[in-house]
$ cat protein-v4.pdb   # PDB, C-alpha atoms
ATOM      1  CA  MET O   1       5.202  18.021-146.643  1.00  0.00           C
ATOM      2  CA  ALA O   2       6.537  15.587-149.255  1.00  0.00           C
ATOM      3  CA  LYS O   3      10.194  15.857-150.204  1.00  0.00           C
ATOM      4  CA  SER O   4      10.902  17.181-153.659  1.00  0.00           C
ATOM      5  CA  GLY O   5      13.877  18.146-155.766  1.00  0.00           C
ATOM      6  CA  ARG O   6      14.099  20.656-158.554  1.00  0.00           C
ATOM      7  CA  SER O   7      14.323  17.813-161.055  1.00  0.00           C
ATOM      8  CA  GLY O   8      10.919  16.435-160.111  1.00  0.00           C
ATOM      9  CA  VAL O   9       8.713  14.964-157.428  1.00  0.00           C
ATOM     10  CA  GLU O  10      10.716  12.378-155.501  1.00  0.00           C
ATOM     11  CA  ASP O  11       7.861  11.104-153.345  1.00  0.00           C
ATOM     12  CA  PRO O  12       5.015   9.630-155.453  1.00  0.00           C
ATOM     13  CA  SER O  13       2.624  10.117-152.520  1.00  0.00           C
ATOM     14  CA  ALA O  14       2.702  13.837-153.295  1.00  0.00           C
ATOM     15  CA  LEU O  15       0.337  12.982-156.129  1.00  0.00           C
ATOM     16  CA  LYS O  16      -3.156  11.798-155.281  1.00  0.00           C
ATOM     17  CA  PRO O  17      -4.618   9.272-157.718  1.00  0.00           C
ATOM     18  CA  TRP O  18      -8.335   8.731-157.199  1.00  0.00           C
ATOM     19  CA  PRO O  19      -9.950   5.471-156.031  1.00  0.00           C
ATOM     20  CA  LYS O  20     -12.718   5.758-158.643  1.00  0.00           C
ATOM     21  CA  ARG O  21     -12.124   6.922-162.207  1.00  0.00           C
ATOM     22  CA  PRO O  22     -13.945  10.269-162.664  1.00  0.00           C
ATOM     23  CA  ALA O  23     -15.944  11.159-165.759  1.00  0.00           C
ATOM     24  CA  ARG O  24     -14.257  14.495-166.531  1.00  0.00           C
ATOM     25  CA  LEU O  25     -10.715  13.198-166.600  1.00  0.00           C
ATOM     26  CA  ALA O  26      -8.682  16.293-167.463  1.00  0.00           C
ATOM     27  CA  HIS O  27     -10.575  18.423-164.930  1.00  0.00           C
ATOM     28  CA  ALA O  28     -10.067  15.791-162.237  1.00  0.00           C
ATOM     29  CA  VAL O  29      -6.326  15.653-162.973  1.00  0.00           C
ATOM     30  CA  VAL O  30      -6.180  19.465-162.779  1.00  0.00           C
ATOM     31  CA  GLU O  31      -7.969  19.505-159.415  1.00  0.00           C
ATOM     32  CA  SER O  32      -5.658  16.847-157.986  1.00  0.00           C
ATOM     33  CA  LEU O  33      -2.466  18.508-159.218  1.00  0.00           C
ATOM     34  CA  THR O  34      -3.702  21.942-158.129  1.00  0.00           C
ATOM     35  CA  ASP O  35      -4.297  20.630-154.609  1.00  0.00           C
ATOM     36  CA  SER O  36      -0.797  19.091-154.529  1.00  0.00           C
ATOM     37  CA  ILE O  37       0.776  22.341-155.701  1.00  0.00           C
ATOM     38  CA  VAL O  38      -1.187  24.674-153.425  1.00  0.00           C
ATOM     39  CA  SER O  39      -0.692  22.446-150.372  1.00  0.00           C
ATOM     40  CA  GLY O  40       3.080  22.499-150.946  1.00  0.00           C
ATOM     41  CA  ALA O  41       3.344  18.789-151.656  1.00  0.00           C
ATOM     42  CA  ILE O  42       4.785  19.869-155.013  1.00  0.00           C
ATOM     43  CA  PRO O  43       6.509  23.157-154.100  1.00  0.00           C
ATOM     44  CA  PRO O  44       7.470  26.080-156.365  1.00  0.00           C
ATOM     45  CA  GLY O  45      10.582  25.358-158.403  1.00  0.00           C
ATOM     46  CA  SER O  46       9.845  21.635-158.646  1.00  0.00           C
ATOM     47  CA  THR O  47       9.102  20.015-161.965  1.00  0.00           C
ATOM     48  CA  LEU O  48       6.070  17.836-162.498  1.00  0.00           C
ATOM     49  CA  PRO O  49       6.682  14.169-163.291  1.00  0.00           C
ATOM     50  CA  VAL O  50       7.069  13.444-167.006  1.00  0.00           C
ATOM     51  CA  GLU O  51       4.029  12.520-169.087  1.00  0.00           C
ATOM     52  CA  PRO O  52       4.389   8.716-168.846  1.00  0.00           C
ATOM     53  CA  GLU O  53       4.557   8.903-165.036  1.00  0.00           C
ATOM     54  CA  LEU O  54       1.498  11.141-164.844  1.00  0.00           C
ATOM     55  CA  CYS O  55      -0.370   8.845-167.225  1.00  0.00           C
ATOM     56  CA  GLU O  56       0.438   5.864-165.009  1.00  0.00           C
ATOM     57  CA  THR O  57      -0.421   7.693-161.782  1.00  0.00           C
ATOM     58  CA  PHE O  58      -3.840   8.839-162.961  1.00  0.00           C
ATOM     59  CA  GLY O  59      -4.605   6.071-165.440  1.00  0.00           C
ATOM     60  CA  VAL O  60      -5.274   8.462-168.301  1.00  0.00           C
ATOM     61  CA  SER O  61      -3.963   9.108-171.814  1.00  0.00           C
ATOM     62  CA  ARG O  62      -1.208  11.501-172.825  1.00  0.00           C
ATOM     63  CA  ILE O  63      -3.825  13.701-174.496  1.00  0.00           C
ATOM     64  CA  THR O  64      -5.614  14.065-171.148  1.00  0.00           C
ATOM     65  CA  ILE O  65      -2.372  14.919-169.351  1.00  0.00           C
ATOM     66  CA  ARG O  66      -1.443  17.509-171.975  1.00  0.00           C
ATOM     67  CA  GLU O  67      -4.874  19.102-171.653  1.00  0.00           C
ATOM     68  CA  ALA O  68      -4.488  19.187-167.874  1.00  0.00           C
ATOM     69  CA  VAL O  69      -1.028  20.769-168.050  1.00  0.00           C
ATOM     70  CA  LYS O  70      -2.309  23.458-170.427  1.00  0.00           C
ATOM     71  CA  SER O  71      -5.050  24.222-167.923  1.00  0.00           C
ATOM     72  CA  LEU O  72      -2.503  24.461-165.086  1.00  0.00           C
ATOM     73  CA  GLU O  73      -0.487  26.894-167.229  1.00  0.00           C
ATOM     74  CA  ALA O  74      -3.572  29.023-167.829  1.00  0.00           C
ATOM     75  CA  LYS O  75      -4.120  29.191-164.073  1.00  0.00           C
ATOM     76  CA  GLY O  76      -0.551  30.404-163.560  1.00  0.00           C
ATOM     77  CA  LEU O  77       0.432  27.311-161.544  1.00  0.00           C
ATOM     78  CA  VAL O  78       3.100  25.923-163.856  1.00  0.00           C
ATOM     79  CA  ARG O  79       5.332  26.953-166.720  1.00  0.00           C
ATOM     80  CA  ALA O  80       6.123  24.437-169.453  1.00  0.00           C
ATOM     81  CA  ARG O  81       9.339  24.862-171.444  1.00  0.00           C
ATOM     82  CA  GLN O  82      10.722  22.667-174.170  1.00  0.00           C
ATOM     83  CA  GLY O  83      13.585  20.615-172.766  1.00  0.00           C
ATOM     84  CA  SER O  84      13.104  21.880-169.202  1.00  0.00           C
ATOM     85  CA  GLY O  85       9.905  20.114-168.231  1.00  0.00           C
ATOM     86  CA  THR O  86       6.936  21.681-166.468  1.00  0.00           C
ATOM     87  CA  THR O  87       7.960  23.787-163.472  1.00  0.00           C
ATOM     88  CA  VAL O  88       5.719  24.892-160.609  1.00  0.00           C
ATOM     89  CA  THR O  89       5.626  28.689-160.427  1.00  0.00           C
ATOM     90  CA  PRO O  90       5.867  30.898-157.305  1.00  0.00           C
ATOM     91  CA  SER O  91       2.547  31.433-155.526  1.00  0.00           C
ATOM     92  CA  GLU O  92       2.590  35.127-156.511  1.00  0.00           C
ATOM     93  CA  GLU O  93       1.890  34.039-160.108  1.00  0.00           C
ATOM     94  CA  TRP O  94      -1.172  31.905-159.326  1.00  0.00           C
ATOM     95  CA  ASN O  95      -4.555  33.172-160.485  1.00  0.00           C
ATOM     96  CA  LEU O  96      -6.522  33.300-157.238  1.00  0.00           C
ATOM     97  CA  LEU O  97      -9.702  34.308-159.061  1.00  0.00           C
ATOM     98  CA  ASP O  98      -9.710  30.947-160.811  1.00  0.00           C
ATOM     99  CA  PRO O  99     -12.292  28.839-158.907  1.00  0.00           C
ATOM    100  CA  VAL O 100     -10.109  25.707-158.753  1.00  0.00           C
ATOM    101  CA  VAL O 101      -7.036  27.609-157.514  1.00  0.00           C
ATOM    102  CA  LEU O 102      -9.061  29.655-155.046  1.00  0.00           C
ATOM    103  CA  ALA O 103     -10.864  26.595-153.673  1.00  0.00           C
ATOM    104  CA  ALA O 104      -7.576  24.789-153.027  1.00  0.00           C
ATOM    105  CA  THR O 105      -5.971  27.913-151.554  1.00  0.00           C
ATOM    106  CA  VAL O 106      -8.849  28.469-149.133  1.00  0.00           C
ATOM    107  CA  GLN O 107      -8.849  24.830-148.066  1.00  0.00           C
ATOM    108  CA  HIS O 108      -5.153  25.015-147.161  1.00  0.00           C
ATOM    109  CA  ASP O 109      -5.243  28.507-145.582  1.00  0.00           C
ATOM    110  CA  ASP O 110      -4.572  27.277-142.033  1.00  0.00           C
ATOM    111  CA  GLU O 111      -3.180  30.638-140.884  1.00  0.00           C
ATOM    112  CA  LEU O 112      -6.130  32.535-142.459  1.00  0.00           C
ATOM    113  CA  VAL O 113      -3.836  34.838-144.450  1.00  0.00           C
ATOM    114  CA  VAL O 114      -5.763  34.441-147.695  1.00  0.00           C
ATOM    115  CA  LEU O 115      -9.131  34.609-145.937  1.00  0.00           C
ATOM    116  CA  ASP O 116      -8.110  37.854-144.215  1.00  0.00           C
ATOM    117  CA  HIS O 117      -7.199  39.271-147.617  1.00  0.00           C
ATOM    118  CA  LEU O 118     -10.421  37.937-149.118  1.00  0.00           C
ATOM    119  CA  VAL O 119     -12.491  39.669-146.426  1.00  0.00           C
ATOM    120  CA  GLY O 120     -10.589  42.903-147.078  1.00  0.00           C
ATOM    121  CA  VAL O 121     -11.349  42.710-150.800  1.00  0.00           C
ATOM    122  CA  ARG O 122     -14.968  41.839-150.113  1.00  0.00           C
ATOM    123  CA  SER O 123     -15.331  44.722-147.661  1.00  0.00           C
ATOM    124  CA  ALA O 124     -13.889  47.261-150.097  1.00  0.00           C
ATOM    125  CA  LEU O 125     -15.958  46.120-153.072  1.00  0.00           C
ATOM    126  CA  GLU O 126     -19.236  45.660-151.208  1.00  0.00           C
ATOM    127  CA  ALA O 127     -18.844  49.058-149.535  1.00  0.00           C
ATOM    128  CA  GLN O 128     -18.439  50.625-152.963  1.00  0.00           C
ATOM    129  CA  MET O 129     -21.483  48.758-154.248  1.00  0.00           C
ATOM    130  CA  ALA O 130     -23.557  49.748-151.211  1.00  0.00           C
ATOM    131  CA  ALA O 131     -22.733  53.382-152.004  1.00  0.00           C
ATOM    132  CA  GLN O 132     -23.724  52.834-155.626  1.00  0.00           C
ATOM    133  CA  ALA O 133     -26.947  51.115-154.549  1.00  0.00           C
ATOM    134  CA  ALA O 134     -27.842  54.109-152.373  1.00  0.00           C
ATOM    135  CA  GLU O 135     -27.764  56.230-155.503  1.00  0.00           C
ATOM    136  CA  LEU O 136     -29.036  53.830-158.174  1.00  0.00           C
ATOM    137  CA  ALA O 137     -31.452  51.428-156.479  1.00  0.00           C
ATOM    138  CA  THR O 138     -35.030  51.529-157.712  1.00  0.00           C
ATOM    139  CA  ASP O 139     -37.988  51.427-155.347  1.00  0.00           C
ATOM    140  CA  ASP O 140     -38.427  47.752-156.286  1.00  0.00           C
ATOM    141  CA  ASP O 141     -34.772  47.112-155.363  1.00  0.00           C
ATOM    142  CA  LEU O 142     -35.238  48.689-151.957  1.00  0.00           C
ATOM    143  CA  ARG O 143     -38.448  46.767-151.312  1.00  0.00           C
ATOM    144  CA  GLY O 144     -36.571  43.574-152.186  1.00  0.00           C
ATOM    145  CA  VAL O 145     -33.779  44.385-149.736  1.00  0.00           C
ATOM    146  CA  GLU O 146     -36.287  45.257-147.003  1.00  0.00           C
ATOM    147  CA  GLY O 147     -38.136  42.007-147.617  1.00  0.00           C
ATOM    148  CA  LEU O 148     -34.956  39.996-147.123  1.00  0.00           C
ATOM    149  CA  LEU O 149     -34.186  41.946-143.947  1.00  0.00           C
ATOM    150  CA  ASP O 150     -37.612  40.993-142.567  1.00  0.00           C
ATOM    151  CA  ARG O 151     -36.984  37.382-143.537  1.00  0.00           C
ATOM    152  CA  LEU O 152     -33.638  37.459-141.719  1.00  0.00           C
ATOM    153  CA  ASP O 153     -35.408  38.758-138.600  1.00  0.00           C
ATOM    154  CA  GLU O 154     -37.626  35.678-138.694  1.00  0.00           C
ATOM    155  CA  GLU O 155     -34.672  33.315-139.169  1.00  0.00           C
ATOM    156  CA  ILE O 156     -32.404  34.505-136.352  1.00  0.00           C
ATOM    157  CA  ALA O 157     -33.295  31.414-134.307  1.00  0.00           C
ATOM    158  CA  THR O 158     -32.417  29.111-137.240  1.00  0.00           C
ATOM    159  CA  PRO O 159     -28.790  29.996-138.111  1.00  0.00           C
ATOM    160  CA  ALA O 160     -28.476  27.567-141.042  1.00  0.00           C
ATOM    161  CA  ARG O 161     -31.382  29.264-142.841  1.00  0.00           C
ATOM    162  CA  PHE O 162     -30.203  32.714-141.739  1.00  0.00           C
ATOM    163  CA  VAL O 163     -26.791  32.187-143.350  1.00  0.00           C
ATOM    164  CA  GLU O 164     -28.334  31.259-146.703  1.00  0.00           C
ATOM    165  CA  THR O 165     -30.683  34.263-146.657  1.00  0.00           C
ATOM    166  CA  ASP O 166     -27.770  36.485-145.600  1.00  0.00           C
ATOM    167  CA  VAL O 167     -26.066  35.642-148.902  1.00  0.00           C
ATOM    168  CA  LEU O 168     -29.237  36.647-150.782  1.00  0.00           C
ATOM    169  CA  PHE O 169     -29.429  39.911-148.818  1.00  0.00           C
ATOM    170  CA  HIS O 170     -25.904  40.942-149.786  1.00  0.00           C
ATOM    171  CA  ASP O 171     -26.421  39.831-153.371  1.00  0.00           C
ATOM    172  CA  ARG O 172     -29.636  41.870-153.656  1.00  0.00           C
ATOM    173  CA  ILE O 173     -27.736  45.015-152.654  1.00  0.00           C
ATOM    174  CA  MET O 174     -25.031  44.212-155.190  1.00  0.00           C
ATOM    175  CA  GLN O 175     -27.699  43.801-157.870  1.00  0.00           C
ATOM    176  CA  ALA O 176     -29.130  47.185-156.940  1.00  0.00           C
ATOM    177  CA  SER O 177     -25.682  48.758-157.405  1.00  0.00           C
ATOM    178  CA  ARG O 178     -25.699  47.814-161.118  1.00  0.00           C
ATOM    179  CA  ASN O 179     -21.989  46.949-160.705  1.00  0.00           C
ATOM    180  CA  ARG O 180     -21.895  43.665-162.607  1.00  0.00           C
ATOM    181  CA  LEU O 181     -18.113  43.230-162.448  1.00  0.00           C
ATOM    182  CA  GLY O 182     -17.887  43.832-158.709  1.00  0.00           C
ATOM    183  CA  ARG O 183     -20.782  41.454-158.091  1.00  0.00           C
ATOM    184  CA  SER O 184     -19.155  38.760-160.222  1.00  0.00           C
ATOM    185  CA  ILE O 185     -15.857  39.039-158.325  1.00  0.00           C
ATOM    186  CA  ILE O 186     -17.575  38.872-154.935  1.00  0.00           C
ATOM    187  CA  ARG O 187     -19.720  35.900-155.944  1.00  0.00           C
ATOM    188  CA  THR O 188     -16.608  34.031-157.116  1.00  0.00           C
ATOM    189  CA  VAL O 189     -14.515  34.590-154.002  1.00  0.00           C
ATOM    190  CA  HIS O 190     -17.361  34.324-151.505  1.00  0.00           C
ATOM    191  CA  THR O 191     -18.647  31.038-152.915  1.00  0.00           C
ATOM    192  CA  GLN O 192     -15.252  29.416-152.431  1.00  0.00           C
ATOM    193  CA  ALA O 193     -14.748  30.959-148.983  1.00  0.00           C
ATOM    194  CA  ARG O 194     -18.103  29.620-147.795  1.00  0.00           C
ATOM    195  CA  SER O 195     -17.024  26.080-148.680  1.00  0.00           C
ATOM    196  CA  THR O 196     -14.661  25.932-145.699  1.00  0.00           C
ATOM    197  CA  PHE O 197     -15.295  25.913-141.965  1.00  0.00           C
ATOM    198  CA  LEU O 198     -12.315  28.255-141.544  1.00  0.00           C
ATOM    199  CA  TYR O 199     -14.464  30.987-143.069  1.00  0.00           C
ATOM    200  CA  THR O 200     -17.996  30.118-141.959  1.00  0.00           C
ATOM    201  CA  GLY O 201     -17.319  29.092-138.358  1.00  0.00           C
ATOM    202  CA  THR O 202     -20.326  27.911-136.318  1.00  0.00           C
ATOM    203  CA  PRO O 203     -23.059  30.558-136.426  1.00  0.00           C
ATOM    204  CA  ASP O 204     -25.433  30.852-133.465  1.00  0.00           C
ATOM    205  CA  GLY O 205     -28.525  32.874-132.677  1.00  0.00           C
ATOM    206  CA  HIS O 206     -26.618  35.641-130.908  1.00  0.00           C
ATOM    207  CA  ALA O 207     -24.250  36.118-133.867  1.00  0.00           C
ATOM    208  CA  CYS O 208     -27.243  36.206-136.218  1.00  0.00           C
ATOM    209  CA  GLU O 209     -28.926  38.842-134.077  1.00  0.00           C
ATOM    210  CA  GLN O 210     -25.792  41.011-134.123  1.00  0.00           C
ATOM    211  CA  ALA O 211     -25.447  40.591-137.873  1.00  0.00           C
ATOM    212  CA  ASN O 212     -29.013  41.625-138.503  1.00  0.00           C
ATOM    213  CA  ALA O 213     -28.665  44.747-136.377  1.00  0.00           C
ATOM    214  CA  GLU O 214     -25.778  45.640-138.701  1.00  0.00           C
ATOM    215  CA  HIS O 215     -27.884  44.748-141.746  1.00  0.00           C
ATOM    216  CA  ARG O 216     -30.588  47.122-140.513  1.00  0.00           C
ATOM    217  CA  ARG O 217     -28.111  50.008-140.327  1.00  0.00           C
ATOM    218  CA  ILE O 218     -27.128  49.341-143.951  1.00  0.00           C
ATOM    219  CA  VAL O 219     -30.757  49.341-145.064  1.00  0.00           C
ATOM    220  CA  GLU O 220     -31.480  52.554-143.152  1.00  0.00           C
ATOM    221  CA  ARG O 221     -28.690  54.306-145.070  1.00  0.00           C
ATOM    222  CA  LEU O 222     -29.926  52.895-148.390  1.00  0.00           C
ATOM    223  CA  LEU O 223     -33.478  54.105-147.757  1.00  0.00           C
ATOM    224  CA  VAL O 224     -32.359  57.700-147.156  1.00  0.00           C
ATOM    225  CA  ARG O 225     -30.052  57.556-150.187  1.00  0.00           C
ATOM    226  CA  ASP O 226     -26.859  58.104-148.172  1.00  0.00           C
ATOM    227  CA  PRO O 227     -23.948  56.637-150.213  1.00  0.00           C
ATOM    228  CA  GLN O 228     -21.213  57.369-147.666  1.00  0.00           C
ATOM    229  CA  GLY O 229     -23.287  56.086-144.759  1.00  0.00           C
ATOM    230  CA  ALA O 230     -24.230  52.916-146.656  1.00  0.00           C
ATOM    231  CA  ALA O 231     -20.578  52.251-147.490  1.00  0.00           C
ATOM    232  CA  GLN O 232     -19.477  52.780-143.897  1.00  0.00           C
ATOM    233  CA  ALA O 233     -22.261  50.550-142.558  1.00  0.00           C
ATOM    234  CA  MET O 234     -21.354  47.783-145.005  1.00  0.00           C
ATOM    235  CA  THR O 235     -17.645  47.946-144.124  1.00  0.00           C
ATOM    236  CA  ALA O 236     -18.409  47.883-140.402  1.00  0.00           C
ATOM    237  CA  HIS O 237     -20.722  44.889-140.827  1.00  0.00           C
ATOM    238  CA  ILE O 238     -18.399  42.728-142.935  1.00  0.00           C
ATOM    239  CA  GLU O 239     -15.390  43.384-140.691  1.00  0.00           C
ATOM    240  CA  ALA O 240     -17.362  42.820-137.468  1.00  0.00           C
ATOM    241  CA  ALA O 241     -18.943  39.615-138.795  1.00  0.00           C
ATOM    242  CA  TRP O 242     -15.520  38.243-139.750  1.00  0.00           C
ATOM    243  CA  SER O 243     -14.074  39.118-136.338  1.00  0.00           C
ATOM    244  CA  ARG O 244     -16.889  37.124-134.720  1.00  0.00           C
ATOM    245  CA  ARG O 245     -16.264  34.078-136.944  1.00  0.00           C
ATOM    246  CA  ARG O 246     -12.489  34.188-137.207  1.00  0.00           C
ATOM    247  CA  ILE O 247     -10.704  31.380-135.370  1.00  0.00           C
ATOM    248  CA  PRO O 248      -7.426  32.712-133.886  1.00  0.00           C
ATOM    249  CA  HIS O 249      -4.296  30.979-135.110  1.00  0.00           C
ATOM    250  CA  PRO O 250      -2.742  28.857-132.329  1.00  0.00           C
ATOM    251  CA  ASP O 251       0.502  30.828-132.506  1.00  0.00           C
ATOM    252  CA  ILE O 252      -1.209  34.110-131.612  1.00  0.00           C
ATOM    253  CA  THR O 253      -3.816  33.095-129.053  1.00  0.00           C
ATOM    254  CA  GLY O 254      -1.588  33.676-125.993  1.00  0.00           C
TER     255      GLY O 254
END

$ encode --input "protein-v4.pdb" --output "structure tokens"
Amino acid sequence: MAKSGRSGVEDPSALKPWPKRPARLAHAVVESLTDSIVSGAIPPGSTLPVEPELCETFGVSRITIREAVKSLEAKGLVRARQGSGTTVTPSEEWNLLDPVVLAATVQHDDELVVLDHLVGVRSALEAQMAAQAAELATDDDLRGVEGLLDRLDEEIATPARFVETDVLFHDRIMQASRNRLGRSIIRTVHTQARSTFLYTGTPDGHACEQANAEHRRIVERLLVRDPQGAAQAMTAHIEAAWSRRRIPHPDITG
């Protein structure tokens, strides 16, 4: 981790200028600074370099830097005060539902703390939506879910395709729940989680077969309109699937 003092970033290598100038400059600056903050290269309590230094580091105008800093403030990553500079905030203040913040957090989640929490949130919300789907799904919804289950059966031997269809299967149940907010939250967090090997692991045919047996139990509960059973089956599936994929942290493997 780069050394830093409360008065600013002492080690310029904590910042990561790009080799090729990107088209969306402010967004690129935000992504780079977000990664430096989330990784701990610029820790909480530190102040960002002053505008001229940031302009020189990234090769952009002051207007671009100001736009980037405003975006970082909106994400809860920094706090700008007149005369005190721009200070990195504690991690508890970061907006983890922001896609840029979440993506960086997941990428640096070596101990899987955030991913464990993410799976817990996903399990709770999807269980609720499975229960809602058991009550609200139309016959067309249920036929759509059954069709995806059949497709998953055919793709067990091709894990890469199975994983993509698995996402559609879960999303179809969320659609059937009519819970638009819950679905939006899950799609945000799950998309970012799936971008890292720490979350996806290396699926194989046996894992796919186990997952689809769990999927079938969910569908069985949906078809008989059993909200509690559907919720329990969804919780059991998400938690079991994560336990199969989860890579133990070296400190706790024993």

$ resolve_selection --input "protein-v4.pdb" --expression "the PyMOL selection byres ((chain O and resi 183) around 10)" --output "PDB file with C-alpha atoms, in the coordinates of the input"
ATOM      1  CA  ARG O 122     -14.968  41.839-150.113  1.00  0.00           C
ATOM      2  CA  LEU O 125     -15.958  46.120-153.072  1.00  0.00           C
ATOM      3  CA  GLU O 126     -19.236  45.660-151.208  1.00  0.00           C
ATOM      4  CA  MET O 129     -21.483  48.758-154.248  1.00  0.00           C
ATOM      5  CA  HIS O 170     -25.904  40.942-149.786  1.00  0.00           C
ATOM      6  CA  ASP O 171     -26.421  39.831-153.371  1.00  0.00           C
ATOM      7  CA  ARG O 172     -29.636  41.870-153.656  1.00  0.00           C
ATOM      8  CA  ILE O 173     -27.736  45.015-152.654  1.00  0.00           C
ATOM      9  CA  MET O 174     -25.031  44.212-155.190  1.00  0.00           C
ATOM     10  CA  GLN O 175     -27.699  43.801-157.870  1.00  0.00           C
ATOM     11  CA  SER O 177     -25.682  48.758-157.405  1.00  0.00           C
ATOM     12  CA  ARG O 178     -25.699  47.814-161.118  1.00  0.00           C
ATOM     13  CA  ASN O 179     -21.989  46.949-160.705  1.00  0.00           C
ATOM     14  CA  ARG O 180     -21.895  43.665-162.607  1.00  0.00           C
ATOM     15  CA  LEU O 181     -18.113  43.230-162.448  1.00  0.00           C
ATOM     16  CA  GLY O 182     -17.887  43.832-158.709  1.00  0.00           C
ATOM     17  CA  SER O 184     -19.155  38.760-160.222  1.00  0.00           C
ATOM     18  CA  ILE O 185     -15.857  39.039-158.325  1.00  0.00           C
ATOM     19  CA  ILE O 186     -17.575  38.872-154.935  1.00  0.00           C
ATOM     20  CA  ARG O 187     -19.720  35.900-155.944  1.00  0.00           C
ATOM     21  CA  THR O 188     -16.608  34.031-157.116  1.00  0.00           C
TER      22      THR O 188
END

$ closest_atom_pairs --input "protein-v4.pdb" --of "stretch 145-244 of chain O" --to "stretch 99-108 of chain O" --cutoff "10 Å" --atoms "all atoms listed in the file" --output "CSV"
residue,atom,partner,partner_atom,distance
O:Thr188,CA,O:Pro99,CA,7.0
O:Val189,CA,O:Leu102,CA,7.4
O:Thr191,CA,O:Ala103,CA,9.0
O:Gln192,CA,O:Ala103,CA,5.4
O:Ala193,CA,O:Val106,CA,6.4
O:Arg194,CA,O:Val106,CA,9.4
O:Ser195,CA,O:Ala103,CA,7.9
O:Thr196,CA,O:Gln107,CA,6.4
O:Phe197,CA,O:Gln107,CA,8.9
O:Leu198,CA,O:Gln107,CA,8.1
O:Tyr199,CA,O:Val106,CA,8.6

$ closest_residue --input "protein-v4.pdb" --among "O:Asp141, O:Asp204, O:Glu209, O:Glu135" --to "O:Arg221" --atoms "only C-alpha atoms"
O:Glu135

$ atom_distance --input "protein-v4.pdb" --atom1 "atom CA of O:Cys208" --atom2 "atom CA of O:Leu142"
21.6 Å

$ atom_distance --input "protein-v4.pdb" --atom1 "atom CA of O:Leu118" --atom2 "atom CA of O:Ala231"
17.6 Å

$ resolve_selection --input "protein-v4.pdb" --expression "the PyMOL selection byres ((chain O and resi 127) around 8)" --output "list in words"
Ser123, Ala124, Leu125, Glu126, Gln128, Met129, Ala130, Ala131, Ala230, Ala231, Gln232, Ala233, Met234 and Thr235 of chain O

$ atom_distance --input "protein-v4.pdb" --atom1 "atom CA of O:Pro90" --atom2 "atom CA of O:Leu33"
15.1 Å

$ closest_residue --input "protein-v4.pdb" --among "O:Ala157, O:Gln82, O:Asp166, O:Ala137" --to "O:Val224" --atoms "only C-alpha atoms"
O:Ala137

$ closest_atom_pairs --input "protein-v4.pdb" --of "stretch 65-163 of chain O" --to "stretch 25-29 of chain O" --cutoff "10 Å" --atoms "only C-alpha atoms" --output "tab-separated table"
residue	atom	partner	partner_atom	distance
O:Ile65	CA	O:Ala26	CA	6.7
O:Arg66	CA	O:Ala26	CA	8.6
O:Glu67	CA	O:Ala26	CA	6.3
O:Ala68	CA	O:Ala26	CA	5.1
O:Val69	CA	O:Ala26	CA	8.9
O:Ser71	CA	O:His27	CA	8.6
O:Leu72	CA	O:Val29	CA	9.8
O:Val100	CA	O:His27	CA	9.6

$ write_last_selection --input "protein-v4.pdb" --atoms "C-alpha atoms" --output "mmCIF file, in the frame of the given file"
data_model
loop_
_atom_site.group_PDB
_atom_site.id
_atom_site.type_symbol
_atom_site.label_atom_id
_atom_site.label_comp_id
_atom_site.auth_asym_id
_atom_site.auth_seq_id
_atom_site.Cartn_x
_atom_site.Cartn_y
_atom_site.Cartn_z
ATOM 1 C CA ILE O 65 -2.372 14.919 -169.351
ATOM 2 C CA ARG O 66 -1.443 17.509 -171.975
ATOM 3 C CA GLU O 67 -4.874 19.102 -171.653
ATOM 4 C CA ALA O 68 -4.488 19.187 -167.874
ATOM 5 C CA VAL O 69 -1.028 20.769 -168.050
ATOM 6 C CA SER O 71 -5.050 24.222 -167.923
ATOM 7 C CA LEU O 72 -2.503 24.461 -165.086
ATOM 8 C CA VAL O 100 -10.109 25.707 -158.753
#

$ resolve_selection --input "protein-v4.pdb" --expression "the PyMOL selection byres ((chain O and resi 240-243) around 9)" --output "PyMOL selection string"
chain O and resi 116+119+199-200+207+210-211+214+235-239+244-247

$ closest_residue --input "protein-v4.pdb" --among "O:Ser91, O:His190, O:Leu96, O:Pro203" --to "O:Arg161" --atoms "only C-alpha atoms"
O:Pro203

$ closest_atom_pairs --input "protein-v4.pdb" --of "stretch 71-190 of chain O" --to "stretch 38-62 of chain O" --cutoff "6 Å" --atoms "all atoms listed in the file" --output "JSON lines"
{"residue": "O:Thr86", "atom": "CA", "partner": "O:Thr47", "partner_atom": "CA", "distance": 5.3}
{"residue": "O:Thr87", "atom": "CA", "partner": "O:Thr47", "partner_atom": "CA", "distance": 4.2}
{"residue": "O:Val88", "atom": "CA", "partner": "O:Pro44", "partner_atom": "CA", "distance": 4.7}
{"residue": "O:Thr89", "atom": "CA", "partner": "O:Pro44", "partner_atom": "CA", "distance": 5.2}
{"residue": "O:Pro90", "atom": "CA", "partner": "O:Pro44", "partner_atom": "CA", "distance": 5.2}

$ residues_around --input "protein-v4.pdb" --residues "stretch 143-155 of chain O" --least-positions-apart "3" --cutoff "8 Å" --atoms "all atoms listed in the file" --output "list in words"
Asp139, Asp140, Thr158, Pro159, Arg161, Phe162, Thr165, Asp166, Leu168, Phe169, Arg172, Ile173, Glu209, Asn212, His215, Arg216 and Val219 of chain O

$ decode --input "protein-v4.pdb" --residues "stretch 151-161 of chain O" --atoms "C-alpha atoms" --output "tab-separated table (two decimals), in the first residue's frame"
chain	number	residue	atom	x	y	z
O	151	ARG	CA	-32.80	-25.14	-21.37
O	152	LEU	CA	-30.54	-25.35	-18.31
O	153	ASP	CA	-30.98	-29.14	-18.30
O	154	GLU	CA	-29.64	-29.21	-21.85
O	155	GLU	CA	-26.68	-26.97	-20.99
O	156	ILE	CA	-25.34	-28.79	-17.92
O	157	ALA	CA	-22.45	-30.17	-19.99
O	158	THR	CA	-21.55	-26.67	-21.24
O	159	PRO	CA	-20.97	-24.62	-18.06
O	160	ALA	CA	-20.23	-21.31	-19.83
O	161	ARG	CA	-23.65	-21.38	-21.51
